[in-house]
Structures are given as structure tokens and as C-alpha cells.
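Below is one structure, written out as C-alpha cells; the observations come after it.
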Amino acid sequence: MLHLVKEAFDLRTSEPPRPRLVVIGNGMSPGRALEKLFEAAPDTYKVTVFNAEPRVNYDRIMLSPLLSGEKSFEEIVIHGDGWYITHDVTLYKGHRIIKIDRQKRVVVSSHGVIEPYDKLIIATGSSPIVIPVPGHKLAGVLTYRDLDDVNAMLLAAQSGGKAVVIGGGLLGLEAAVGLKEQGMDVTVLHLMPTLMERQLDAPAGYLLKQAIEQRGIRVIVKANTKEILGTDPAKGPPRVRGLLLDDGTELPASLVVMAVGIRPSADLARDANLEVKRGVIVGPDMRTSDPNVFALGECAETAGQCFGLVAPLYEMASVVAAQLVGDASQTFNPSVTATKLKVTGINLFSAGDFADAPDREEIVLRDAARGVYRRLVLKAGRLIGAVLYGDVSDGAWFFDLIKKSADIAELRETLIFGPSYAGGAPLDPTAAVAALADDAEICGCNGVCKGKIVEAIAAKGLTSLDQVRAHTKASASCGSCTGVVEKLMTLTLGDSYSPSTIAPMCPCTDLGHDEVRRLIVAGGFISIPGVMQALNWKTSCGCARCRPALNYYLVCAYPDGYEDDSQSRFINERVHANIQKDGTFSVVPRMWGGLTSAKELRAIADVVDKFAIPMVKVTGGQRIDLLGVRKEELPAVWSDLNKAGMVSGAAYAKGLRTVKTCVGKDWCRFGTQDSTGLGVRMEKFLWGSWTPAKVKMGVSGCPRNCAEATCKDVGVICVDSGYDIVFAGAAGLDILGAQALGHADTEDETMEIIAALVQLYREQGRYLERIYKWVRRVGVETVRAQIVADVERRRSLYARFVASQVSVQRDPWADRVAGKDAHEFAPLADLPALASAQ
Amino acid sequence: MTMSEKNWTDIGALEQIPHLGARIVRTPHGCVAVFRTQDDQVFALEDRCPHKGGPLSQGIVHGTSVTCPLHNWALSLETGEALGADVGRVFKLPLRVEAGRLLIDLAPFAAARQMRRVG
């Protein structure tokens, strides 16, 4: 009795009871909020924390170093058990809150604890997104989110084997590198064409991919998972054995990690009737639609945004702490954020807003040799975004400029070099050439490498281009590497040598067409982003002038290894028809050598009727043009033409168009050879390969020249003794009679000379440069010498041409009838009139 | 319906448009070109170049610009304005992405076409 009275007395005389603060979740942001709260006003609240994970608060950002074995769990704990005792915080480990009752102001845990609150913080964080493909519930399929996931991965890694990580974002790459460090054979799958596309532009994504691959991790982009494959259930509980992509590729794997993104965990708040969209809606004061309830961290949504990076989450935490102690002046105003990839040896930093926009300017620095890439985005004289790769030491400085919205007018010249480079030298335009290895081949015609040229310049004291040509033969044949040789002279001789000016390919680069081509081959660059990166392109993804040119140069350099980039092709080559002024297309089937048949003509007539094609015209190239075909009907039109044995006439292609013929000696009383047969043979042999610009040919059976062969890119005039081959004619913008190339005794020799000529043009012609312009530039004699006089060179050109034909001599129409690029021929949607049209 | 409310129509998924490419949406008021940039920004413009009516959806997309296939006018996807020395503007439609779906608001476009017919 006495005891009870004493207790009642104590209660009366002690301080008034403290308001009760309950925190749901024990992640980094509520941890920071409590720290701030205890700093500002210790002992104001009686705090209770519910943690669904059975442990104390730890640094989730450090999970990757934990996975890779660089850190232990003890090293990443933020608040140990002692901290909770010191601050009189009750921590329920392993208790998941299952209900918030806002009327009674209590929360209920999964273990039945009912805890009353005066103020409540919801910090339920987020959950990883699981792609619901078949097999996603198999044993061995994990996400990457918390310590349990890391422990499960470490366990799986002990037995080695193969792992597949789905997702090439920040978390996915960190998981992949961690698993590799643990000894697994790792493949990363990424849906997009470049890695970390949210944080990086395409060139930086390309560098990153290279760096990841150099660590022995396989990266597959544009990879869409169709199914996760399990072991036979008859042989024990099924677990993952592999993964199937929608292109049919099967990847064996004993571990699959999904790291494709996170989703705010807002169900608890939604069930409590708080306002929830993607996350729990909070105002700038971090209060939910109930002023006694705060939401904080990845589960919170404000101004339409959810946050996943630590800096804004910590800002939120400060605001919650201030609001809890009655300081209403502090509000959350989301500011720019920065990201860093936490993989040892790969340095990558991005901050702010770095999307392209017309009112923005960009400054790009690429130093391929050092693996450095920097891109700064400016708007109205201020820095608003930065992407750094390789050397990220200046990240904090740029980030500071972004946050302060500082005027950078005075810094602009040297801004990209960072804080330690004020007043530095301007970017060296010869950097790309300087970066080449000594054994990089500069002159393809004469097989001269960089080291030999540099050595000759120094050893023999050469000071002019002609001297270099005389001593090394570099740029002495076709001359296409002249620009590169001149840059080597500048590098070796310094300012004492002033090279001739070379017209840049387009405003995206200072390099000319020939230099770009030589450097593609010398440097072994195998993709458009790769070329742009290595050659210091000034824009992030080029323009409508350089992209088609680079695509052609890569097609030509790597006839079987390069994947043609259809988005870098002009519409006609993308859909294999010719666009007309009204947006319809024209369709021209091949008529080999101008020959056709009743069957073909009947099929064409049927197609014209069936598709109500408005105009049919005979072309100058001896074939038939169907004009006014709607784009979505192209595959059906082609299908009918294919059925009659007709294929694309490539009337749109920078490639072989037509071989015009006369009737030849079988019919004509003057004919000397089978000109029709030769024309058909040439067309069937030469069609397919891409060339810098279109190529038209003609074969006339006698010097009367009815096929007008002497104004074609390549022409043959048949004579009694064989075949006179002419080239570089024109009958368009310019009118030029063709010039003699040489004489052949047989059809076979004619074919070899013409194919070699086309290949030389493919290798030396600048994109969109017709044969006559190329010949005017390099000289008729130079071409003749290589094709006619130098039989060995002709043979090697011929062999390269034949090789280039292997993968391209297939009918593009048939491919599209079979379903290729189906998206090109169907509208995305067909919408009815607005129901509520005013 | 208040002035600020929008009438969003689902036209498909972001993934259905190739990077640096476009797809068309047919509407009773004319075709709309929906573009996707390398970094997954999307834009909807009337599919008619202000120069000679060329189908912009068929052009080459670079950065946030498209080059018309007929006479190489370059237009900003963000503003619809012609770039460089050319002067002109193409109608831009409200478009947003939600959970990977593309939502378009046709109302302003329909209203503008209505006015063009009346005017």
C-alpha cells in the first residue's frame, strides 16, 4: 500500500510525461532525423523505433563494399545497440508494423505490440522491383536491397558458378562487381542500349561498359528477360538453373539478382487512409495529410518526386527534426543531387540536370587515352549539370558550382579542366592522333604505321609533307590519310609546322572525313559512340550529317562485325523505299539489266490494282516505279512482289542502283558482245554492298553506246576485241563524259576490274561523294595505277569487295515481310476523335 | 472540367519507340509524331514540317532535335521551333510518361486544327 502511494507521488512530482514519438523503420533517414532531434532537444520525446530487419541501423550505401568483401558488417553500422540505450530509445528489432490506427493513435506490430504515439514518422523505405517473369519465385533468384540479400549472395557465391544480374544501373553494376570479386562468373543484362542511362549519356555509358567488361564481366545490352529457368522439380525442390532472353539466348546461372529499381513502400500509409500516390504525399514540412504523421525517406513523395539518393534524404531528416521541436521555418526544398558509382577502380560522378535542350550549351572533354570523359551542361551562363568519368576528383567543385548557381562567365574558358586549371592551355586538337599507339596503321595503301612516320620525321629532319611522303610513302597513294600525317608532323615538330586546313566533317568535330576514317581503322573503334568518344566529338550523339557518315565508315571497315545502326540511316535506307513529298513511298523492284517478263509484269499489274497505286512509271534506269504507296502497306506490297520472284531494286540506296544495257549481239546487227548478259551478270554480282553515294552503271554492246554507258559512274563499251571500261561520268548536277579506265579481254577480267574499282571507291570515297568527285579529288592516274597496273592490289581489293558482299546480299524486303523492323510500318496508336470535343 | 485539367490518352509504351527514333499516332486531326531521345525523353509534335509539310516522324533524331527527311530542316523537339537560319514552328502536344506508358493530351491540338479549318 505504502509502495503504491509512493509511486503515485513520484509520478506527480516528476516532469510532465514526454510526448511519444514512434518511428516506423530504422533506415538511414530516420536514423539521421533522430540524431538531429537529440542534438536540438534531447529528452523532448520518448522515442520508440520499429525495425522490420532484425538488427540496428546500418549504412545501406555500404552494402556494395560489404558484398565485395572490402568492408565487414561492423564497419557499416551507424548506430550500435549502445546508442539506443544512451538516448533512451526503445528499439523493436524484427517487428514489422502491420497497422496504423490514426483514431486511437496507435501502431500495431507483427508480434502484437500496440504502441501509442503523439507524433509518428513513417520511414518504411522502398522495396526492390521484381520483374514478374516466369520463374521469378525460384530459389536462387534474389533482389539487392538489404543485408539479408547480401548474405544470401555471399552464400551463393561460396559455391562459385555463374551469376546473372538483371539491371545495369547503379545497384546492378555494384552487385555484379561484388559477385565477381567473390569469384563468380557474372553476366549483366540491361534493357537499354547503354549502361546507367539515367545518370550517364551514351558516350560515358560506353566507357563504363568497357571498364566493366575489362573486369571479366559480360555485359549484354538491349537484353529482355523472357523467363527464369528452374531445375527439374522431380529431382528435389526446384532452383534457378538459367535464364532465357526473348531473342532465344539461354544463359546458365545458379544465381539471378534483380536490380532493376525500387518502389516506395507506401501500403501501410495507404491502409491508414493517408494521401498516397507513388509514395506517401508530404508537404514541404514533411507532414503527411495528417499533421501528426510525418513521412521520411524513400517512401515519401513531395512535389511529384520520390528520392533515392542519400543527400536529399538527409535534408528531409533535418526538416523532420526541426518540425518536431517546433521550428516551422525549416522546409524541404529538393535541390540537385549527385551520384557516384561505388566500384573500386571505376570512377564515375554525375550531378544535376544533364539532358540536352535547345537553351543549353554543353562543354565536352574526352581524353580517350587516359579514359577521361567530362560533360558540363550550361544554361544562361550557369552550370546546371555535370557528368565525370575517369577522373572524378573535381566532382565536388562542379557540384558546388551547380548548387550555388554560380556565374561561370569568367571561368568558362577553362571550366572543364577543373579548379586547378585556371588560365590553362586550350584543348589540343591533335589529342586523338597523339593517343594512337606506335603500331597503329596510318597509311593503309602503303602499310605505314605511326611509329615509322614519327621516327622518320625526327631522324631525317623532315619538315614538309612532300618529304614525309618521299621518305615513308605515307599519304603518297590515295592521300586520304594526309590530315592524320599532318597532325603527326605537328605533334613531332611543334608549332614550326603549319598544316593545310581541312574542312571538318560537321560542326560536331574538327576532324575531316578522311581523318575520321583513318582513325577508325587505326584505332580499331567499332561503334558510333566509340568513335565519338575516342575522337573527342563535341556533341553527345552527333547530328544528321555525321551519324550516317560514321555508320557508313564503320560498315565499310567491319563488313561482318559491325551492327548497322538503322537510326543513323536516312529514312529511305531505313525502310528500303523512297520517300515522296507527300510522305508516301515509291517502290522499285529490280529488273536485272533492264530485263523483265510477263510473269513480273502481271504481278506488278496485280499489285497496282490491289493497292490502288496511283502512278506507275518507267524509270531512266530501265525499270518500273510504283509511286504513292502508303508506308504501312509497304510490307504487303513487297510480299506480293517477292512471290513473283522480284526483290528490292535499291532505288533508295547509297549502293548499286541499276546496270543499264542495250540488247547486244543476240539481237542487234551492230552488237559485238553480249552486253545484256554482261549487265545482268554485273548487277547480280555487285548489288548489296553500301557505297559512299549511289552507283549507276551501263553496258553498251557497241561504240554507238545506246545504253549511255559513257555518262555513268562505271560503264562498259563492248568492242570486237573485248571490253573498254570507263568511269567517273556524270549526267546530273554536273555533266561529265566518263574517262577511260582500261581494257579487258574477257567478261571475268571486266568483273574483277569493276569490283576492285567499287571497293577502292568504298574505301576512299567520302560519304555522299559520287565517284566522279572522288576521282577528281584523288586523280584519275592514281586510280588507274591501283586498279589496272597493280594487279596484286586489284586482286586484294576484289577479295575485300567479295568479303563485303557476304552479309549484305539478302533481300531487305523479304526480311521486312518476315517481320523485321515491324515498328516502322505500324502507327503506335490510332486514336478516335475526342469524346468531349468542344 | 477545369482549364488546367488535362485529358490524357494512353498511346502505348515508351519501349515501343526506338531510341533516337519516332512512331506516329493517327488522330482525326492529323498525324502526331512521338519521338524518343537517347536518354529517354519523349516529345510529341504534329507530323508536318512547317517548311513543306514533310513527315518529321521519318527524320533522323539527334540530341533533342529532328531533321526533316524532305529538305533537312532541323527542328527542336522541345519547342517545335526550326533551328539554325530557318524560321517556323510545328505544333507541340502535351505528352508525359507514367510507369513506362505514354500519355498524350489531344485537346489543344484538336482545338488548334479546328481553328485552322474555321480560319
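In the C-alpha cells, chains take letters A, B, ... by order of appearance, with residues numbered from 1 within each chain and ligands from 1 in the order shown.
For Ser57 in chain B, the set of protein, DNA and RNA residues having any atom at most 8 Å away, when counting only C-alpha atoms and skipping those fewer than 6 positions along the same chain, is B:Gly21, B:Ala22, B:Arg23, B:Ile24, B:Ala33, B:Val34, B:Phe35, B:Asp47.
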Practice problem: Can you check which residues of chain B DSSP gives as alpha helix (DSSP H) on the backbone and send them as a ChimeraX atom specification? | Solution: /B:107-118
Dump of N, CA and C atoms for the selected residues, as a CSV table (one decimal), in the first residue's frame:
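See again.csv below for the written result:
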chain,number,residue,atom,x,y,z
B,107,ALA,N,-6.4,17.5,-76.7
B,107,ALA,CA,-7.3,18.7,-76.8
B,107,ALA,C,-6.8,19.9,-77.4
B,108,PRO,N,-5.6,20.4,-77.0
B,108,PRO,CA,-5.1,21.6,-77.6
B,108,PRO,C,-4.9,21.5,-79.1
B,109,PHE,N,-4.4,20.3,-79.5
B,109,PHE,CA,-4.1,20.0,-81.0
B,109,PHE,C,-5.5,20.1,-81.7
B,110,ALA,N,-6.5,19.4,-81.2
B,110,ALA,CA,-7.8,19.4,-81.8
B,110,ALA,C,-8.3,20.8,-81.9
B,111,ALA,N,-8.2,21.6,-80.9
B,111,ALA,CA,-8.7,22.9,-80.9
B,111,ALA,C,-7.9,23.8,-81.9
B,112,ALA,N,-6.6,23.6,-82.0
B,112,ALA,CA,-5.8,24.4,-83.0
B,112,ALA,C,-6.2,24.0,-84.4
B,113,ARG,N,-6.5,22.7,-84.7
B,113,ARG,CA,-6.8,22.3,-86.0
B,113,ARG,C,-8.2,22.8,-86.4
B,114,GLN,N,-9.1,22.8,-85.3
B,114,GLN,CA,-10.4,23.3,-85.5
B,114,GLN,C,-10.3,24.8,-86.0
B,115,MET,N,-9.5,25.6,-85.3
B,115,MET,CA,-9.3,27.0,-85.6
B,115,MET,C,-8.7,27.1,-87.0
B,116,ARG,N,-7.8,26.2,-87.4
B,116,ARG,CA,-7.2,26.3,-88.7
B,116,ARG,C,-8.3,26.2,-89.8
B,117,ARG,N,-9.2,25.2,-89.5
B,117,ARG,CA,-10.3,25.0,-90.5
B,117,ARG,C,-11.2,26.2,-90.6
B,118,VAL,N,-11.6,26.7,-89.4
B,118,VAL,CA,-12.5,27.8,-89.4
B,118,VAL,C,-11.8,29.0,-90.0
Should the cut-off be 9 Å, what would the residue list for chain B against chain A look like, counting only C-alpha atoms, as a short mmCIF file (atom, residue, chain, number, x, y, z; two decimals) with C-alpha atoms, in the first residue's frame?
data_model
loop_
_atom_site.label_atom_id
_atom_site.label_comp_id
_atom_site.auth_asym_id
_atom_site.auth_seq_id
_atom_site.Cartn_x
_atom_site.Cartn_y
_atom_site.Cartn_z
CA THR B 9 -4.94 9.34 -73.56
CA ASP B 10 -2.71 6.27 -73.35
CA ILE B 11 -0.97 5.77 -76.72
CA GLY B 12 1.39 2.92 -75.86
CA ALA B 13 4.61 2.11 -74.04
CA GLN B 16 7.67 0.69 -78.41
CA ILE B 17 9.64 3.65 -79.77
CA PRO B 18 13.30 3.02 -80.70
CA HIS B 19 15.97 5.21 -79.15
CA LEU B 20 16.73 8.18 -81.45
CA GLY B 21 13.55 7.27 -83.33
CA ALA B 22 9.88 8.07 -83.65
CA ARG B 23 6.47 6.48 -84.13
CA ILE B 24 3.30 8.08 -85.42
CA VAL B 25 -0.09 8.34 -83.77
CA ARG B 26 -3.03 8.75 -86.14
CA THR B 27 -5.72 11.15 -84.97
CA PRO B 28 -8.77 12.63 -86.70
CA HIS B 29 -6.93 15.95 -86.61
CA VAL B 34 6.16 10.81 -80.96
CA GLN B 38 18.86 8.60 -76.40
CA ASP B 39 18.21 9.49 -72.75
CA ASP B 40 14.53 8.53 -72.88
CA GLN B 41 12.99 11.95 -73.14
CA LYS B 52 6.80 21.88 -96.90
CA GLY B 53 4.76 19.55 -94.74
CA GLY B 54 7.32 16.71 -94.60
CA PRO B 55 6.68 13.85 -92.16
CA GLN B 58 10.63 9.86 -90.66
CA GLY B 59 13.61 12.10 -89.88
CA ILE B 60 16.89 11.43 -88.08
CA VAL B 61 16.70 12.23 -84.36
CA HIS B 62 19.83 13.70 -82.74
CA GLY B 63 20.10 15.20 -79.26
CA THR B 64 16.70 16.84 -78.81
CA SER B 65 16.29 17.72 -82.47
CA VAL B 66 14.93 16.06 -85.57
CA THR B 67 15.99 16.65 -89.17
CA PRO B 69 13.62 13.90 -94.38
CA LEU B 70 12.45 16.13 -97.23
CA ASN B 72 16.82 18.82 -93.98
CA ALA B 74 16.16 20.80 -88.21
CA SER B 76 13.73 21.43 -81.77
CA LEU B 77 11.69 18.64 -80.19
CA GLU B 78 11.43 20.71 -77.04
CA THR B 79 9.90 23.82 -78.55
CA LEU B 83 16.72 25.63 -85.68
CA LEU B 106 -5.02 15.82 -77.80
CA ALA B 107 -7.32 18.66 -76.76
CA ALA B 110 -7.79 19.35 -81.80
CA ALA B 111 -8.67 22.93 -80.86
#
Exercise. Determine, counting only C-alpha atoms, which protein, DNA and RNA residues have an atom within 9 Å of an atom of Ser477 in chain A; residues of the same chain fewer than 6 positions away are not included. Present the result as a ChimeraX atom specification.
Key: /A:443,445-446,778,782,786
Quiz item: Do you know which residues are at most 10 Å from range 799-803 of chain A counting only C-alpha atoms, after dropping those on the same chain fewer than 5 positions away, and could you put them as a list in words?
Solution: Cys556, Pro559, Asp560, Phe685, Leu686, Ser689, Glu752, Ala755, Ala756, Leu757, Val758, Gln759, Leu760, Arg762, Arg793, Arg794 and Val808 of chain A
Exercise. From the DSSP assignment of the backbone, select every residue of range 463-595 of chain A that is strand (DSSP E or B), and format the answer as number ranges by chain.
Key: A: 578-579, 585-587, 589
Practice problem: Just the residues within 8 Å of range 489-499 of chain A, please, counting only C-alpha atoms, with nothing from its chain fewer than 3 positions along; format it as a ChimeraX atom specification. | Solution: /A:430,434,454,457-458,463-464,485-486
Practice problem: Using only C-alpha atoms, pick whichever of A:Lys340, A:Ile122, A:Tyr144, A:Ala456 has the shortest atom-to-atom distance to Ala300 in chain A. | Solution: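 The closest residue to Ala300 in chain A is A:Ile122.
The shortest atom-to-atom distance to Val177 in chain A, with only C-alpha atoms taken into account, belongs to A:Leu341 out of A:Ala730, A:Leu341, A:Val89, A:Leu255.
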Quiz item: Residues at most 7 Å from Thr509 in chain A, counting only C-alpha atoms, excluding those fewer than 3 positions away in the same chain, as a list in words?
Solution: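 Result of the neighbour search: Pro504, Met505, Cys506, Trp537 and Lys538 of chain A.
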Practice problem: Have a look at A:Glu633, A:Asp720, A:Glu683, A:Asp290 and name the one nearest to Leu120 in chain A; count only C-alpha atoms. | Solution: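 Result for the nearest residue to Leu120 in chain A: A:Asp290.
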Self-check item: B:Leu95, B:Leu103, B:Leu14, B:Cys31 ranked by distance to Arg48 in chain B, top pick (using only C-alpha atoms)
Solution: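 Looking at the shortest contact to Arg48 in chain B, the residue is B:Cys31.
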Quiz item: Within 6 Å of range 523-535 of chain A, counting only C-alpha atoms, which residues qualify if same-chain residues fewer than 3 places away don't, as a PyMOL selection string?
Solution: chain A and resi 203+368+432+519-520
Generate the output file for the selected residues, C-alpha atoms, as a PDB file, in the first residue's frame.
ATOM      1  CA  PRO A 203      29.450   8.002 -74.581  1.00  0.00           C
ATOM      2  CA  ALA A 368      40.340   8.516 -74.637  1.00  0.00           C
ATOM      3  CA  ALA A 432      43.222  11.837 -80.823  1.00  0.00           C
ATOM      4  CA  LEU A 519      41.471   6.955 -87.205  1.00  0.00           C
ATOM      5  CA  ILE A 520      38.554   4.493 -87.130  1.00  0.00           C
TER       6      ILE A 520
END
Practice problem: Using CA of Gln805 in chain A and CA of Thr658 in chain A as the two end points, give the distance in Å to one decimal. | Solution: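 Calculated distance between CA of Gln805 in chain A and CA of Thr658 in chain A is 16.9 Å.
Of the residues under consideration (B:Val32, B:Lys6, B:Pro50, B:Val42), B:Pro50 shows the shortest atom-to-atom contact distance to Arg89 in chain B when counting only C-alpha atoms.
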Quiz prompt | Point-to-point distance in Å for CA of Met258 in chain A and CA of Ile129 in chain A | solution = 7.8 Å
